[in-house]
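Peer 1: What follows is target-v2.txt, made up of compact mmCIF, C-alpha atoms:
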```txt
# COMPACT_ATOMS: atom_id res chain seq x y z
CA GLY A 13 15.24 -6.55 22.83
CA GLU A 14 14.20 -2.94 22.39
CA ALA A 15 11.45 -1.76 20.10
CA THR A 16 12.41 -0.97 16.50
CA PHE A 17 11.04 2.08 14.69
CA THR A 18 11.31 3.59 11.23
CA ASP A 19 9.62 6.88 10.44
CA SER A 20 8.09 8.65 7.45
CA PRO A 21 7.15 12.30 6.88
CA ALA A 22 3.95 11.28 5.05
CA ALA A 23 0.87 13.03 6.45
CA THR A 24 -2.12 10.91 7.52
CA VAL A 25 -5.66 12.24 7.21
CA ALA A 26 -8.39 10.74 9.39
CA GLY A 27 -11.22 9.27 7.34
CA THR A 28 -9.00 8.49 4.32
CA GLN A 29 -8.34 4.88 3.30
CA TYR A 30 -4.69 3.95 2.80
CA HIS A 31 -2.88 0.87 1.52
CA TYR A 32 -0.06 -0.27 3.82
CA VAL A 33 2.53 -2.96 3.15
CA LEU A 34 5.18 -4.18 5.62
CA VAL A 35 7.87 -6.46 4.13
CA LEU A 36 10.33 -8.43 6.29
CA GLU A 37 13.02 -10.07 4.14
CA ASP A 38 15.67 -12.43 5.53
CA GLY A 39 19.21 -12.05 4.17
CA ALA A 40 18.58 -8.59 2.70
CA GLY A 41 20.29 -5.36 3.73
CA MET A 42 23.69 -4.50 5.16
CA HIS A 43 23.90 -7.54 7.46
CA GLY A 44 23.47 -10.07 4.65
CA ALA A 45 22.89 -13.66 5.76
CA ASN A 46 23.10 -12.60 9.42
CA GLY A 47 20.20 -10.20 9.29
CA CYS A 48 17.05 -9.00 7.61
CA GLN A 49 15.56 -5.86 6.13
CA ILE A 50 12.22 -4.20 6.84
CA ARG A 51 10.55 -2.10 4.14
CA TRP A 52 7.23 -0.35 4.40
CA TYR A 53 5.05 1.19 1.73
CA ARG A 54 1.98 3.38 1.65
CA ASN A 55 -0.25 3.64 -1.41
CA GLY A 56 2.32 1.77 -3.48
CA ALA A 57 5.27 4.03 -2.62
CA LEU A 58 8.26 3.04 -0.46
CA GLN A 59 8.33 5.08 2.76
CA ASN A 60 11.43 3.74 4.50
CA THR A 61 13.76 0.78 5.02
CA LEU A 62 15.56 -0.54 8.10
CA ASP A 63 18.35 -3.13 8.29
CA LEU A 64 18.37 -5.37 11.39
CA ALA A 65 21.16 -7.60 12.71
CA PHE A 66 19.00 -10.67 13.34
CA ARG A 67 17.03 -13.15 11.28
CA LEU A 68 13.28 -13.65 11.40
CA SER A 69 13.72 -17.13 12.88
CA GLN A 70 15.32 -15.49 15.93
CA MET A 71 12.25 -13.41 16.69
CA GLN A 72 10.07 -14.33 19.65
CA ASP A 73 6.84 -13.39 17.93
CA VAL A 74 4.21 -14.23 20.53
CA ASN A 75 2.28 -10.94 20.55
CA ASN A 76 1.28 -10.44 16.92
CA TRP A 77 -1.41 -7.80 16.88
CA ILE A 78 -3.34 -5.52 14.58
CA GLY A 79 -4.35 -2.32 16.33
CA ARG A 80 -2.57 -2.69 19.69
CA SER A 81 0.87 -1.73 21.00
CA GLN A 82 2.99 -3.78 23.40
CA TYR A 83 3.61 -0.59 25.37
CA SER A 84 0.82 -0.36 27.92
CA GLY A 85 0.59 3.43 27.79
CA ASP A 86 0.04 3.56 24.02
CA SER A 87 -3.48 3.90 22.70
CA CYS A 88 -5.28 1.05 21.03
CA SER A 89 -6.01 1.98 17.43
CA ASN A 90 -9.09 3.70 16.06
CA LEU A 91 -9.36 2.49 12.49
CA ALA A 92 -11.53 0.68 9.96
CA LEU A 93 -9.76 -2.39 8.55
CA ASN A 94 -11.05 -3.22 5.08
CA GLU A 95 -8.76 -6.14 4.26
CA LEU A 96 -5.64 -7.85 5.59
CA ARG A 97 -3.33 -10.12 3.59
CA ILE A 98 -0.17 -12.04 4.49
CA TYR A 99 2.38 -13.44 2.02
CA ARG A 100 5.04 -16.00 2.95
CA HIS A 101 7.66 -14.20 0.86
CA ALA A 102 9.01 -10.69 0.39
CA ILE A 103 6.79 -9.10 -2.23
CA THR A 104 8.55 -6.83 -4.72
CA PRO A 105 8.02 -3.10 -5.31
CA GLY A 106 6.24 -3.95 -8.56
CA GLU A 107 3.92 -6.37 -6.76
CA VAL A 108 3.18 -3.78 -4.08
CA LEU A 109 2.23 -1.20 -6.70
CA ALA A 110 0.14 -3.68 -8.71
CA SER A 111 -1.78 -4.76 -5.62
CA TYR A 112 -2.41 -1.15 -4.60
CA GLN A 113 -3.73 -0.35 -8.06
CA ALA A 114 -6.00 -3.42 -8.03
CA GLY A 115 -7.45 -2.44 -4.65
CA PRO A 116 -9.00 -4.51 -1.84
CA ASP A 117 -11.48 -7.37 -2.04
CA PRO A 118 -10.99 -8.36 -5.70
CA ASN A 119 -13.43 -11.26 -5.30
CA SER A 120 -16.35 -8.82 -5.01
CA GLY A 121 -15.16 -6.41 -7.69
CA PRO A 122 -12.65 -6.83 -10.50
CA PRO A 123 -10.90 -10.21 -10.95
CA GLU A 124 -7.89 -11.19 -8.82
CA PRO A 125 -5.05 -9.04 -10.18
CA GLN A 126 -2.76 -10.60 -12.73
CA ALA A 127 1.02 -10.74 -12.38
CA PRO A 128 2.99 -8.95 -11.13
CA ALA A 129 0.43 -8.57 -8.33
CA PRO A 130 1.09 -11.28 -5.69
CA ILE A 131 -1.32 -13.95 -4.46
CA PRO A 132 -1.58 -14.00 -0.64
CA VAL A 133 -1.23 -17.11 1.49
CA HIS A 134 -3.66 -15.57 4.04
CA ARG A 135 -6.46 -13.13 3.32
CA TRP A 136 -9.08 -11.70 5.66
CA SER A 137 -12.01 -9.57 4.49
CA PHE A 138 -14.78 -8.14 6.66
CA THR A 139 -17.88 -8.18 4.49
CA GLY A 140 -20.53 -9.32 6.97
CA ALA A 141 -23.65 -7.39 7.88
CA SER A 142 -23.11 -4.27 9.99
CA ALA A 143 -23.24 -5.33 13.65
CA PRO A 144 -21.22 -5.32 16.87
CA VAL A 145 -18.48 -7.98 17.08
CA ALA A 146 -17.93 -9.74 20.41
CA ALA A 147 -14.55 -10.44 21.99
CA GLY A 148 -13.40 -13.94 21.12
CA THR A 149 -14.85 -13.85 17.59
CA VAL A 150 -12.59 -15.78 15.20
CA PHE A 151 -12.07 -14.59 11.64
CA ALA A 152 -10.84 -17.40 9.37
CA ASP A 153 -8.80 -16.41 6.35
CA SER A 154 -10.28 -17.29 2.97
CA ALA A 155 -7.17 -19.11 1.72
CA THR A 156 -6.25 -21.60 4.46
CA GLY A 157 -8.67 -21.05 7.34
CA GLU A 158 -5.94 -19.54 9.56
CA ALA A 159 -7.57 -18.01 12.64
CA MET A 160 -7.31 -14.38 13.67
CA THR A 161 -9.07 -13.62 16.95
CA LEU A 162 -10.74 -10.42 18.05
CA ARG A 163 -9.74 -9.41 21.58
CA GLY A 164 -11.26 -6.62 23.62
CA ASN A 165 -14.40 -4.61 23.30
CA GLY A 166 -16.28 -2.18 21.11
CA ALA A 167 -15.50 -3.57 17.64
CA SER A 168 -18.10 -3.61 14.89
CA LEU A 169 -18.58 -4.52 11.26
CA ALA A 170 -19.62 -1.57 9.11
CA SER A 171 -19.56 -0.96 5.35
CA GLY A 172 -17.28 -3.90 4.62
CA SER A 173 -14.71 -3.08 7.31
CA LEU A 174 -13.91 -4.11 10.86
CA VAL A 175 -13.96 -0.97 13.01
CA LEU A 176 -11.66 -0.79 16.05
CA PRO A 177 -12.76 1.97 18.46
CA GLY A 178 -9.44 2.96 20.08
CA THR A 179 -11.10 3.92 23.37
CA THR A 180 -8.38 2.75 25.81
CA ASN A 181 -4.65 2.21 26.08
CA GLY A 182 -3.12 -1.26 26.54
CA ASN A 183 -2.96 -1.15 30.34
CA GLN A 184 -6.43 -2.61 30.80
CA SER A 185 -8.13 -5.81 31.85
CA ALA A 186 -9.76 -8.08 29.27
CA ALA A 187 -13.13 -6.71 30.37
CA ASN A 188 -12.12 -3.12 29.61
CA ILE A 189 -9.52 -3.06 26.83
CA SER A 190 -10.45 -1.62 23.45
CA ALA A 191 -10.70 -4.12 20.60
CA TYR A 192 -7.70 -5.34 18.59
CA LEU A 193 -6.83 -8.40 16.47
CA ASP A 194 -4.57 -11.25 17.57
CA LEU A 195 -2.66 -13.30 14.98
CA PRO A 196 -1.19 -16.75 15.77
CA ASN A 197 2.14 -17.08 17.58
CA GLY A 198 5.09 -17.82 15.30
CA ILE A 199 3.48 -16.38 12.18
CA VAL A 200 6.73 -14.49 11.38
CA SER A 201 9.51 -16.63 12.83
CA THR A 202 8.36 -19.78 11.01
CA LYS A 203 8.89 -18.17 7.58
CA PRO A 204 12.09 -17.15 5.80
CA SER A 205 10.44 -13.89 4.72
CA ILE A 206 6.96 -12.43 5.12
CA SER A 207 4.85 -9.50 3.91
CA PHE A 208 1.82 -7.91 5.56
CA GLU A 209 -0.65 -5.88 3.51
CA ALA A 210 -3.69 -3.92 4.68
CA TRP A 211 -6.25 -1.51 3.35
CA LEU A 212 -7.48 0.59 6.25
CA THR A 213 -8.87 3.96 7.23
CA PRO A 214 -7.51 5.76 10.32
CA LEU A 215 -10.55 7.25 12.03
CA SER A 216 -8.82 9.57 14.49
CA SER A 217 -5.38 10.45 15.80
CA LYS A 218 -4.30 8.42 18.83
CA ASN A 219 -1.13 8.30 20.92
CA TRP A 220 1.29 5.87 19.18
CA GLN A 221 -1.53 3.79 17.72
CA ARG A 222 -0.37 0.75 15.76
CA ILE A 223 -1.27 -1.09 12.60
CA PHE A 224 1.14 -4.04 12.79
CA GLU A 225 2.75 -5.02 16.10
CA ILE A 226 5.02 -8.09 16.22
CA GLY A 227 7.20 -9.47 18.99
CA SER A 228 7.23 -10.10 22.73
CA THR A 229 7.59 -8.14 25.94
CA SER A 230 10.01 -8.24 28.87
CA MET A 231 7.18 -9.47 31.10
CA THR A 232 4.63 -12.28 30.97
CA SER A 233 1.03 -11.47 31.82
CA GLY A 234 -2.22 -13.29 32.40
CA GLY A 235 -0.87 -16.77 33.19
CA ALA A 236 0.60 -17.33 29.72
CA ALA A 237 2.68 -20.47 29.25
CA VAL A 238 5.19 -18.76 26.91
CA ALA A 239 7.58 -16.05 28.13
CA GLY A 240 6.82 -12.57 26.83
CA VAL A 241 3.14 -13.22 26.06
CA ILE A 242 0.51 -10.77 27.21
CA MET A 243 -2.82 -12.44 27.92
CA ASP A 244 -5.38 -9.93 29.17
CA GLY A 245 -6.63 -10.78 32.61
CA PRO A 246 -7.79 -8.90 35.69
CA GLY A 247 -4.31 -7.44 36.19
CA ALA A 248 -3.15 -7.07 32.58
```
Taking this structure as input, can you express it in the form of structure tokens?

Peer 2:
Amino acid sequence: GEATFTDSPAATVAGTQYHYVLVLEDGAGMHGANGCQIRWYRNGALQNTLDLAFRLSQMQDVNNWIGRSQYSGDSCSNLALNELRIYRHAITPGEVLASYQAGPDPNSGPPEPQAPAPIPVHRWSFTGASAPVAAGTVFADSATGEAMTLRGNGASLASGSLVLPGTTNGNQSAANISAYLDLPNGIVSTKPSISFEAWLTPLSSKNWQRIFEIGSTSMTSGGAAVAGVIMDGPGA
């Protein structure tokens, strides 16, 4: 199907850290049991909602990326990702606000927030020593060990964040594409509802740069065994 967008008039300032939450809830919205609702928040405040006439289980989520678009002409993202969390339920507005107020990386600062702040099923932090990060590096989440893989080039760890350079668009070979993160296939469609949460700092303005990108494409690239998957190769 076609790409789905929902906009917000909120201004974004490069170099400022923001808290983003994307909630996908089955059975919510105008389509009831035949659809789902998407809600997204920034710094604890609801920005927009969108009702969709399909359920999450119907999604072909085989390109699940942080920092890359499925449109080849869009720029890869230039941002510093402090922390990423995933919840296997639709977190509430109160939970979103409580988590925003508690801030990222509670294990190294204040205690894990009390209710109504939610507890994630997956949580990735980037607290290693400042250094370049090679393509193929696997980040295991602290809750279950779920793998998230760095693809592309130019990423680095710095000041407790993973920095993505945003130096190319998506129409590049694996040897040339700018770094992004690849989540496992089926991470959305296998759950009745799901929420993504990230603390990140946009570092510059790029053409249609992404935070969360979920879905599949109308083509299959790089010898992938599943339709709609993009695997970067010499002709990706």

Peer 1: List the neighbours of Glu209 in chain A out to 8 Å using all atoms listed in the file; skip same-chain residues closer than 5 positions along the sequence, and give me the result as a ChimeraX atom specification.

Peer 2: /A:31-34,96-98

Peer 1: Any idea what the distance is between CA of Leu174 in chain A and CA of Gly79 in chain A?

Peer 2: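 Computing it gives 11.2 Å between the two atoms.
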
Peer 1: With all atoms listed in the file as the counted atoms, please give the residues lying no more than 6 Å from range 130-144 of chain A, apart from itself and same-chain residues fewer than 4 positions off, as a VMD selection string.

Peer 2: chain A and resid 95 to 99 107 153 to 155 168 to 170 172 to 174

Peer 1: For Gly182 in chain A, find every residue with an atom within 12 Å (counting all atoms listed in the file), except residues of its own chain fewer than 3 positions away, and show them as a ChimeraX atom specification.

Peer 2: /A:77,79-89,163-164,178-179,185-186,188-192,219-222,242-245,247-248

Peer 1: What separation in Å, quoted to one decimal, exists between CA of Leu109 in chain A and CA of Ala57 in chain A?

Peer 2: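 CA of Ala57 in chain A lies 7.3 Å from CA of Leu109 in chain A.
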
Peer 1: For CA of Gly198 in chain A and CA of Asp73 in chain A, quote the distance in Å rounded to one decimal.

Peer 2: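 Calculated distance between CA of Gly198 in chain A and CA of Asp73 in chain A is 5.4 Å.
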
Peer 1: Quick one: residues within 6 Å of range 90-94 of chain A, all atoms listed in the file counted, chain neighbours fewer than 4 positions away excluded, as a list in words?

Peer 2: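 In the requested form, the answer reads Ser173, Leu174, Val175, Leu176, Pro177, Gly178, Trp211, Leu212, Thr213, Pro214 and Leu215 of chain A.
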
Peer 1: Excluding Val200 in chain A and residues on its chain fewer than 4 positions from it, collect all residues at most 10 Å away from it, counting only C-alpha atoms, and give them as a list in words.

Peer 2: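 My list of contacting residues is Leu36, Leu68, Ser69, Gln70, Met71, Gln72, Asp73, Val74, Asn76, Arg100, Pro196, Pro204, Ser205, Ile206, Ser207, Ile226 and Gly227 of chain A.
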
Peer 1: Using all atoms listed in the file - which residues lie no farther than 9 Å from the point (9.3, 5.0, 9.4) in the file's frame? Write them as an NGL selection string.

Peer 2: :A and (17-21 or 51-52 or 59-62)

Peer 1: Using all atoms listed in the file, which residue out of A:Phe151, A:Ser216, A:Phe66, A:Pro105 lies closest to Ala26 in chain A?

Peer 2: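 Answer, going by the shortest atom-to-atom distance: A:Ser216.
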
Peer 1: Output range 193-204 of chain A with all heavy atoms present, as a compact mmCIF listing (two decimals), in the coordinates of the input.

Peer 2:
```txt
# COMPACT_ATOMS: atom_id res chain seq x y z
N LEU A 193 -6.87 -7.07 17.09
CA LEU A 193 -6.83 -8.40 16.47
C LEU A 193 -5.55 -9.12 16.86
O LEU A 193 -4.47 -8.51 16.90
CB LEU A 193 -6.93 -8.29 14.95
CG LEU A 193 -8.31 -7.87 14.43
CD1 LEU A 193 -8.21 -7.39 12.99
CD2 LEU A 193 -9.31 -9.02 14.54
N ASP A 194 -5.67 -10.41 17.10
CA ASP A 194 -4.57 -11.25 17.57
C ASP A 194 -4.28 -12.34 16.54
O ASP A 194 -5.11 -13.21 16.30
CB ASP A 194 -4.96 -11.86 18.92
CG ASP A 194 -3.81 -12.59 19.61
OD1 ASP A 194 -2.67 -12.49 19.13
OD2 ASP A 194 -4.08 -13.25 20.63
N LEU A 195 -3.09 -12.28 15.93
CA LEU A 195 -2.66 -13.30 14.98
C LEU A 195 -1.93 -14.42 15.70
O LEU A 195 -1.44 -14.24 16.82
CB LEU A 195 -1.73 -12.67 13.93
CG LEU A 195 -2.41 -11.75 12.92
CD1 LEU A 195 -1.39 -10.83 12.26
CD2 LEU A 195 -3.14 -12.56 11.86
N PRO A 196 -1.82 -15.61 15.09
CA PRO A 196 -1.19 -16.75 15.77
C PRO A 196 0.27 -16.51 16.12
O PRO A 196 1.00 -15.80 15.40
CB PRO A 196 -1.33 -17.89 14.75
CG PRO A 196 -2.45 -17.48 13.86
CD PRO A 196 -2.39 -15.99 13.78
N ASN A 197 0.72 -17.11 17.22
CA ASN A 197 2.14 -17.08 17.58
C ASN A 197 2.97 -17.73 16.47
O ASN A 197 2.55 -18.69 15.85
CB ASN A 197 2.38 -17.83 18.89
CG ASN A 197 1.77 -17.13 20.09
OD1 ASN A 197 1.23 -16.03 19.97
ND2 ASN A 197 1.84 -17.77 21.24
N GLY A 198 4.17 -17.21 16.25
CA GLY A 198 5.09 -17.82 15.30
C GLY A 198 4.79 -17.53 13.84
O GLY A 198 5.43 -18.10 12.96
N ILE A 199 3.87 -16.62 13.57
CA ILE A 199 3.48 -16.38 12.18
C ILE A 199 4.62 -15.74 11.38
O ILE A 199 4.69 -15.88 10.16
CB ILE A 199 2.21 -15.51 12.11
CG1 ILE A 199 1.55 -15.63 10.73
CG2 ILE A 199 2.48 -14.07 12.50
CD1 ILE A 199 0.13 -15.15 10.68
N VAL A 200 5.57 -15.08 12.05
CA VAL A 200 6.73 -14.49 11.38
C VAL A 200 7.94 -15.41 11.44
O VAL A 200 8.57 -15.69 10.42
CB VAL A 200 7.07 -13.12 12.01
CG1 VAL A 200 8.39 -12.58 11.44
CG2 VAL A 200 5.96 -12.13 11.77
N SER A 201 8.26 -15.90 12.63
CA SER A 201 9.51 -16.63 12.83
C SER A 201 9.54 -17.98 12.12
O SER A 201 10.61 -18.57 11.96
CB SER A 201 9.76 -16.84 14.33
OG SER A 201 8.71 -17.56 14.92
N THR A 202 8.41 -18.50 11.71
CA THR A 202 8.36 -19.78 11.01
C THR A 202 8.56 -19.63 9.50
O THR A 202 8.53 -20.64 8.78
CB THR A 202 7.02 -20.49 11.26
OG1 THR A 202 5.95 -19.61 10.88
CG2 THR A 202 6.87 -20.86 12.74
N LYS A 203 8.75 -18.40 9.02
CA LYS A 203 8.89 -18.17 7.58
C LYS A 203 10.22 -17.49 7.28
O LYS A 203 10.68 -16.65 8.05
CB LYS A 203 7.72 -17.32 7.08
CG LYS A 203 6.37 -18.00 7.27
CD LYS A 203 5.23 -17.08 6.93
CE LYS A 203 3.88 -17.82 7.08
NZ LYS A 203 3.63 -18.20 8.48
N PRO A 204 10.83 -17.81 6.14
CA PRO A 204 12.09 -17.15 5.80
C PRO A 204 11.91 -15.67 5.51
O PRO A 204 12.79 -14.86 5.81
CB PRO A 204 12.55 -17.91 4.55
CG PRO A 204 11.32 -18.53 3.99
CD PRO A 204 10.45 -18.84 5.17
```
